[in-house]
Amino acid sequence: MKQKDTLVREREYPDLPQKPQQEDIHKTFESRIPEFFADELTNRELEDFLDHYDTCGMCRDELSIQYLIHAGLPRLETGEAFNLQKELGAYVRLQRGRLERRERRVKLTALYEVFTLAAFAAAVTACYVLGIV
């Protein structure tokens, strides 16, 4: 039944973007793990990544495995003790904080731009009123 609905929708609305399949979401998550560790995700990508992390146990497990490889193996070689889940949780919280700060910065930048445009408009209006221009 589901396949029939999909075929009908594709025939009637060929330009309609398709809903991503669950397996595509997991593949995207996995492919972004190195970028997550390198802090190279955009705000939107990071938000999507963290949202999926919160809802998908399978991807949380994959992130734990990748974190073990990324951060744990070098420590195992030196004999340093570590708590994988605690440190990964701290890293995820750090990334959430970074996302919040980035989003706040974007909003402040937009607000500054509005104030700058308002000041410019006021200056131009004052020039016209005073006959300077």
# chains A, B, ... in the order shown; residues from 1 in each chain; ligands from 1
$ residues_around --residues "range 47-59 of chain A" --least-positions-apart "2" --cutoff "9 Å" --atoms "only C-alpha atoms" --output "JSON, numbers by chain"
{"A": [25, 26, 28, 29, 30, 32, 33, 36, 41, 42, 43, 44, 45, 61, 62, 63, 64, 92, 95, 96, 99]}
$ select_by_dssp --residues "chain A" --states "alpha helix (DSSP H)" --output "number ranges by chain"
A: 2-12, 22-37, 43-55, 57-67, 73-78, 84-130
$ closest_residue --among "A:Val106, A:Val133, A:Ala119, A:Leu88" --to "Arg60 in chain A" --atoms "only C-alpha atoms"
A:Leu88
$ closest_residue --among "A:Leu68, A:Leu94, A:Glu40, A:Ala122" --to "Phe82 in chain A" --atoms "only C-alpha atoms"
A:Leu68
$ atom_distance --atom1 "CA of Gly72 in chain A" --atom2 "CA of Asp24 in chain A"
27.8 Å
